[in-house]
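Data file: target_30.cif. Format and content: mmCIF, C-alpha atoms and all ligand atoms.
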```
data_input
loop_
_atom_site.group_PDB
_atom_site.id
_atom_site.type_symbol
_atom_site.label_atom_id
_atom_site.label_comp_id
_atom_site.auth_asym_id
_atom_site.auth_seq_id
_atom_site.Cartn_x
_atom_site.Cartn_y
_atom_site.Cartn_z
ATOM 1 C CA VAL A 1 42.979 -21.238 -46.424
ATOM 2 C CA ILE A 2 42.488 -17.511 -45.955
ATOM 3 C CA THR A 3 40.583 -15.395 -48.458
ATOM 4 C CA PHE A 4 40.529 -11.626 -48.928
ATOM 5 C CA GLU A 5 37.041 -10.454 -49.869
ATOM 6 C CA ALA A 6 34.368 -7.802 -49.347
ATOM 7 C CA ALA A 7 32.574 -8.134 -46.001
ATOM 8 C CA ARG A 8 28.969 -9.379 -45.932
ATOM 9 C CA PRO A 9 26.169 -7.843 -43.879
ATOM 10 C CA SER A 10 26.109 -11.106 -41.884
ATOM 11 C CA ASP A 11 29.671 -10.273 -40.682
ATOM 12 C CA LEU A 12 28.372 -7.232 -38.763
ATOM 13 C CA ASP A 13 28.530 -8.771 -35.258
ATOM 14 C CA THR A 14 32.040 -10.117 -35.834
ATOM 15 C CA LEU A 15 33.272 -6.762 -37.147
ATOM 16 C CA VAL A 16 31.903 -4.975 -34.063
ATOM 17 C CA SER A 17 33.408 -7.610 -31.801
ATOM 18 C CA ILE A 18 36.899 -7.435 -33.382
ATOM 19 C CA ASP A 19 36.855 -3.623 -33.360
ATOM 20 C CA GLY A 20 35.723 -3.660 -29.716
ATOM 21 C CA HIS A 21 39.343 -4.439 -28.790
ATOM 22 C CA SER A 22 40.692 -1.307 -30.530
ATOM 23 C CA GLU A 23 41.320 1.996 -28.785
ATOM 24 C CA THR A 24 38.462 3.900 -30.450
ATOM 25 C CA PRO A 25 35.867 1.276 -31.448
ATOM 26 C CA TRP A 26 33.162 2.081 -33.972
ATOM 27 C CA SER A 27 29.502 1.643 -33.081
ATOM 28 C CA GLU A 28 27.420 -1.088 -34.665
ATOM 29 C CA ALA A 29 25.489 1.661 -36.484
ATOM 30 C CA ALA A 30 28.720 2.964 -38.011
ATOM 31 C CA PHE A 31 29.544 -0.488 -39.383
ATOM 32 C CA ARG A 32 25.989 -1.012 -40.572
ATOM 33 C CA ASN A 33 26.183 2.258 -42.532
ATOM 34 C CA GLU A 34 29.117 0.897 -44.532
ATOM 35 C CA PHE A 35 26.848 -1.688 -46.125
ATOM 36 C CA LYS A 36 24.698 1.056 -47.652
ATOM 37 C CA ALA A 37 27.417 2.208 -50.055
ATOM 38 C CA ASP A 38 27.215 1.186 -53.741
ATOM 39 C CA GLU A 39 30.762 -0.156 -53.738
ATOM 40 C CA PRO A 40 32.165 -2.341 -50.931
ATOM 41 C CA THR A 41 34.041 -0.346 -48.290
ATOM 42 C CA VAL A 42 34.738 -3.140 -45.788
ATOM 43 C CA PHE A 43 37.160 -5.931 -46.653
ATOM 44 C CA VAL A 44 37.963 -8.992 -44.573
ATOM 45 C CA LEU A 45 40.331 -11.902 -44.245
ATOM 46 C CA ARG A 46 38.151 -14.980 -43.838
ATOM 47 C CA SER A 47 39.501 -18.294 -42.542
ATOM 48 C CA ALA A 48 37.686 -21.545 -41.696
ATOM 49 C CA ASP A 49 37.036 -19.950 -38.265
ATOM 50 C CA GLY A 50 35.349 -16.935 -39.881
ATOM 51 C CA VAL A 51 36.506 -13.331 -40.167
ATOM 52 C CA VAL A 52 39.915 -12.783 -38.530
ATOM 53 C CA ALA A 53 40.648 -9.218 -39.723
ATOM 54 C CA PHE A 54 38.910 -6.306 -41.408
ATOM 55 C CA ALA A 55 39.656 -2.950 -43.015
ATOM 56 C CA VAL A 56 37.312 -0.066 -43.848
ATOM 57 C CA VAL A 57 38.384 2.146 -46.738
ATOM 58 C CA ARG A 58 37.314 5.361 -48.458
ATOM 59 C CA THR A 59 38.176 5.814 -52.099
ATOM 60 C CA LEU A 60 38.241 9.197 -53.804
ATOM 61 C CA GLY A 61 39.613 9.358 -57.314
ATOM 62 C CA SER A 62 43.118 7.923 -57.263
ATOM 63 C CA ASP A 63 43.417 8.078 -53.457
ATOM 64 C CA MET A 64 42.393 5.546 -50.855
ATOM 65 C CA ASP A 65 42.169 6.097 -47.092
ATOM 66 C CA ILE A 66 42.243 3.189 -44.679
ATOM 67 C CA VAL A 67 39.917 4.562 -41.988
ATOM 68 C CA ASN A 68 39.664 1.503 -39.736
ATOM 69 C CA LEU A 69 41.584 -1.775 -39.564
ATOM 70 C CA ALA A 70 41.989 -4.484 -36.942
ATOM 71 C CA VAL A 71 42.988 -8.104 -36.491
ATOM 72 C CA ALA A 72 41.130 -10.277 -33.956
ATOM 73 C CA PRO A 73 43.246 -10.360 -30.766
ATOM 74 C CA ASP A 74 43.637 -14.182 -30.832
ATOM 75 C CA HIS A 75 44.979 -14.007 -34.390
ATOM 76 C CA ARG A 76 47.559 -11.234 -34.050
ATOM 77 C CA ARG A 77 51.281 -11.582 -34.800
ATOM 78 C CA ARG A 78 50.655 -14.220 -37.460
ATOM 79 C CA GLY A 79 50.982 -11.984 -40.509
ATOM 80 C CA HIS A 80 47.277 -11.255 -40.996
ATOM 81 C CA GLY A 81 47.699 -7.496 -40.689
ATOM 82 C CA ARG A 82 50.450 -7.587 -43.294
ATOM 83 C CA LEU A 83 48.415 -9.841 -45.613
ATOM 84 C CA LEU A 84 45.360 -7.593 -45.314
ATOM 85 C CA VAL A 85 47.258 -4.380 -46.116
ATOM 86 C CA ARG A 86 49.140 -6.058 -48.986
ATOM 87 C CA SER A 87 45.828 -7.326 -50.387
ATOM 88 C CA LEU A 88 44.338 -3.818 -50.204
ATOM 89 C CA LEU A 89 47.402 -2.363 -51.936
ATOM 90 C CA GLY A 90 47.161 -4.939 -54.726
ATOM 91 C CA LYS A 91 43.443 -4.433 -55.246
ATOM 92 C CA SER A 92 43.829 -0.634 -55.254
ATOM 93 C CA PHE A 93 46.683 -0.755 -57.737
ATOM 94 C CA THR A 94 44.684 -2.835 -60.212
ATOM 95 C CA GLU A 95 41.802 -0.352 -59.844
ATOM 96 C CA GLY A 96 43.959 2.670 -60.710
ATOM 97 C CA ILE A 97 44.430 3.951 -57.169
ATOM 98 C CA THR A 98 47.925 5.369 -56.868
ATOM 99 C CA ARG A 99 48.234 6.446 -53.240
ATOM 100 C CA VAL A 100 47.036 5.005 -49.928
ATOM 101 C CA PHE A 101 46.761 7.101 -46.751
ATOM 102 C CA LEU A 102 46.054 6.329 -43.117
ATOM 103 C CA GLU A 103 46.563 7.777 -39.668
ATOM 104 C CA VAL A 104 47.641 6.075 -36.464
ATOM 105 C CA ARG A 105 47.927 7.040 -32.826
ATOM 106 C CA ALA A 106 51.519 8.022 -32.076
ATOM 107 C CA GLY A 107 51.640 5.372 -29.313
ATOM 108 C CA ASN A 108 50.375 2.543 -31.521
ATOM 109 C CA VAL A 109 53.741 0.853 -31.985
ATOM 110 C CA ALA A 110 52.252 -2.308 -33.531
ATOM 111 C CA ALA A 111 50.467 -0.392 -36.292
ATOM 112 C CA ARG A 112 53.394 1.984 -36.945
ATOM 113 C CA ASN A 113 55.710 -1.023 -37.313
ATOM 114 C CA LEU A 114 53.227 -2.864 -39.523
ATOM 115 C CA TYR A 115 52.850 0.037 -41.950
ATOM 116 C CA GLY A 116 56.520 1.021 -41.716
ATOM 117 C CA THR A 117 57.694 -2.454 -42.735
ATOM 118 C CA LEU A 118 55.205 -2.338 -45.625
ATOM 119 C CA GLY A 119 56.871 0.767 -47.071
ATOM 120 C CA PHE A 120 54.546 3.486 -45.741
ATOM 121 C CA SER A 121 56.281 6.743 -44.779
ATOM 122 C CA GLU A 122 55.268 9.025 -41.958
ATOM 123 C CA THR A 123 54.313 12.247 -43.739
ATOM 124 C CA GLN A 124 52.859 14.502 -41.055
ATOM 125 C CA THR A 125 51.963 14.770 -37.363
ATOM 126 C CA ARG A 126 48.673 16.199 -36.125
ATOM 127 C CA ARG A 127 49.218 17.384 -32.571
ATOM 128 C CA GLY A 128 46.596 16.202 -30.088
ATOM 129 C CA PHE A 129 44.341 14.865 -32.849
ATOM 130 C CA TYR A 130 42.994 11.882 -30.868
ATOM 131 C CA ARG A 131 40.955 11.974 -27.654
ATOM 132 C CA ASN A 132 40.595 9.541 -24.712
ATOM 133 C CA PRO A 133 43.511 9.700 -24.282
ATOM 134 C CA THR A 134 44.671 12.803 -26.155
ATOM 135 C CA GLU A 135 47.430 11.766 -28.500
ATOM 136 C CA ASP A 136 49.120 12.894 -31.714
ATOM 137 C CA ALA A 137 48.079 11.377 -35.019
ATOM 138 C CA ILE A 138 50.815 10.223 -37.400
ATOM 139 C CA LEU A 139 49.791 10.413 -41.047
ATOM 140 C CA MET A 140 51.294 7.722 -43.240
ATOM 141 C CA ALA A 141 51.196 7.230 -47.001
ATOM 142 C CA ARG A 142 52.449 4.883 -49.686
ATOM 143 C CA ASN A 143 52.219 4.637 -53.470
ATOM 144 C CA THR A 144 50.437 1.466 -54.574
ATOM 145 C CA GLY A 145 52.862 0.684 -57.392
ATOM 146 C CA GLN A 146 55.899 0.972 -55.152
ATOM 147 C CA LYS A 147 58.181 -2.085 -55.127
ATOM 148 C CA THR A 148 59.358 -1.930 -51.491
ATOM 149 C CA GLY A 149 57.422 -3.496 -48.604
HETATM 150 C C1 LIG B 1 48.186 -3.371 -35.655
HETATM 151 C C2 LIG B 1 47.566 -4.724 -35.987
HETATM 152 C C3 LIG B 1 46.556 -4.553 -37.105
HETATM 153 C C4 LIG B 1 48.684 -5.687 -36.453
HETATM 154 O O1 LIG B 1 48.092 -6.910 -36.908
HETATM 155 P P1 LIG B 1 48.887 -8.307 -36.871
HETATM 156 O O2 LIG B 1 48.135 -9.297 -37.675
HETATM 157 O O3 LIG B 1 49.209 -8.664 -35.478
HETATM 158 O O4 LIG B 1 50.234 -7.898 -37.626
HETATM 159 P P2 LIG B 1 51.242 -8.880 -38.388
HETATM 160 O O5 LIG B 1 51.299 -10.206 -37.684
HETATM 161 O O6 LIG B 1 50.924 -8.881 -39.831
HETATM 162 O O7 LIG B 1 52.615 -8.112 -38.129
HETATM 163 C C5 LIG B 1 53.290 -7.393 -39.136
HETATM 164 C C6 LIG B 1 54.404 -6.561 -38.498
HETATM 165 O O8 LIG B 1 53.841 -5.507 -37.727
HETATM 166 C C7 LIG B 1 54.656 -5.273 -36.562
HETATM 167 N N1 LIG B 1 53.901 -5.595 -35.349
HETATM 168 C C8 LIG B 1 52.695 -6.218 -35.272
HETATM 169 N N2 LIG B 1 52.298 -6.312 -33.986
HETATM 170 C C9 LIG B 1 53.272 -5.743 -33.238
HETATM 171 C C10 LIG B 1 53.431 -5.529 -31.849
HETATM 172 N N3 LIG B 1 52.510 -5.928 -30.961
HETATM 173 N N4 LIG B 1 54.540 -4.878 -31.443
HETATM 174 C C11 LIG B 1 55.482 -4.449 -32.302
HETATM 175 N N5 LIG B 1 55.388 -4.642 -33.654
HETATM 176 C C12 LIG B 1 54.294 -5.279 -34.116
HETATM 177 C C13 LIG B 1 55.848 -6.166 -36.708
HETATM 178 O O9 LIG B 1 56.823 -5.446 -37.455
HETATM 179 C C14 LIG B 1 55.270 -7.310 -37.518
HETATM 180 O O10 LIG B 1 56.216 -8.055 -38.209
HETATM 181 P P3 LIG B 1 56.873 -9.359 -37.466
HETATM 182 O O11 LIG B 1 55.756 -10.152 -36.857
HETATM 183 O O12 LIG B 1 57.554 -10.060 -38.597
HETATM 184 O O13 LIG B 1 57.787 -8.796 -36.437
HETATM 185 C C15 LIG B 1 46.897 -5.371 -34.728
HETATM 186 O O14 LIG B 1 47.801 -5.297 -33.653
HETATM 187 C C16 LIG B 1 45.594 -4.723 -34.324
HETATM 188 O O15 LIG B 1 44.520 -5.106 -34.791
HETATM 189 N N6 LIG B 1 45.653 -3.713 -33.413
HETATM 190 C C17 LIG B 1 44.467 -3.026 -32.916
HETATM 191 C C18 LIG B 1 43.828 -2.157 -33.981
HETATM 192 C C19 LIG B 1 44.800 -1.159 -34.582
HETATM 193 O O16 LIG B 1 45.663 -0.617 -33.917
HETATM 194 N N7 LIG B 1 44.641 -0.924 -35.880
HETATM 195 C C20 LIG B 1 45.473 -0.030 -36.664
HETATM 196 C C21 LIG B 1 44.924 1.346 -36.566
HETATM 197 S S1 LIG B 1 45.440 2.297 -37.965
#
```
Starting from the file, lay out its structure as structure tokens.
Amino acid sequence: VITFEAARPSDLDTLVSIDGHSETPWSEAAFRNEFKADEPTVFVLRSADGVVAFAVVRTLGSDMDIVNLAVAPDHRRRGHGRLLVRSLLGKSFTEGITRVFLEVRAGNVAARNLYGTLGFSETQTRRGFYRNPTEDAILMARNTGQKTG
């Protein structure tokens, strides 16, 4: 059984460890800061083995930004990324959020495919936005109420 829920402060080490495999990992302090917000900003997929995926979001009015998201390397290609994004879309929709935004490195084929198959469109390119290595950012967006994906 896998549940989608807000992260707990006790998940901190696992979040840092999962994100450590991403191209631009967040510091432990950055994750710890998320737990100071009034509303949850970190959501996880939790299995019997513990947290297998997480997403960090920012909500402003009717918009939501996914600012960080990763699946534990040993659990990739099993639909967790798709389940996590679908769960976020469903939760946002019920809370009156109409549009979800995110940005990905141009070379991140896995993420671009994940979001593309979920109905996100590529709306803009920011040349040389990322560092180490320098790379374009692709902005993607999707309406929460949309039927496709
Ligand atoms: C991108 C990421 C979240 C995908 O998670 P995942 O659980 O492996 O994804 P899913 O199993 O749900 O895959 C959904 C679809 O995404 C695409 N996809 C996922 N991994 C892929 C890969 N390595 N290569 C190509 N396409 C891929 C496929 O279209 C896949 O559908 P399919 O398995 O039916 O072919 C994961 O690779 C990850 O954590 N990467 C590092 C962090 C990162 O890049 N985060 C996103 C930054 S915005």
For CA of Ser22 in chain A and CA of Thr144 in chain A, the interatomic separation in Å (one decimal): 26.1 Å
Could you report the residues within 8 Å of ligand LIG 1 (chain B), using only C-alpha atoms and all ligand atoms, as a PyMOL selection string? chain A and resi 19+21-23+53+66-73+75-84+102-105+108-117
Test item: residues at most 12 Å from Gly61 in chain A, all atoms listed in the file, excluding those fewer than 5 positions along its chain, as a list in words: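 Surrounding residues, per the criterion: Ser92, Glu95, Gly96, Ile97, Thr98, Arg99 and Val100 of chain A.
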One number please: CA of Ala48 in chain A to CA of Thr3 in chain A, in Å, one decimal. 9.6 Å
Separating CA of Lys147 in chain A from CA of Gly119 in chain A, to the nearest tenth of an Å, is a gap of 8.6 Å
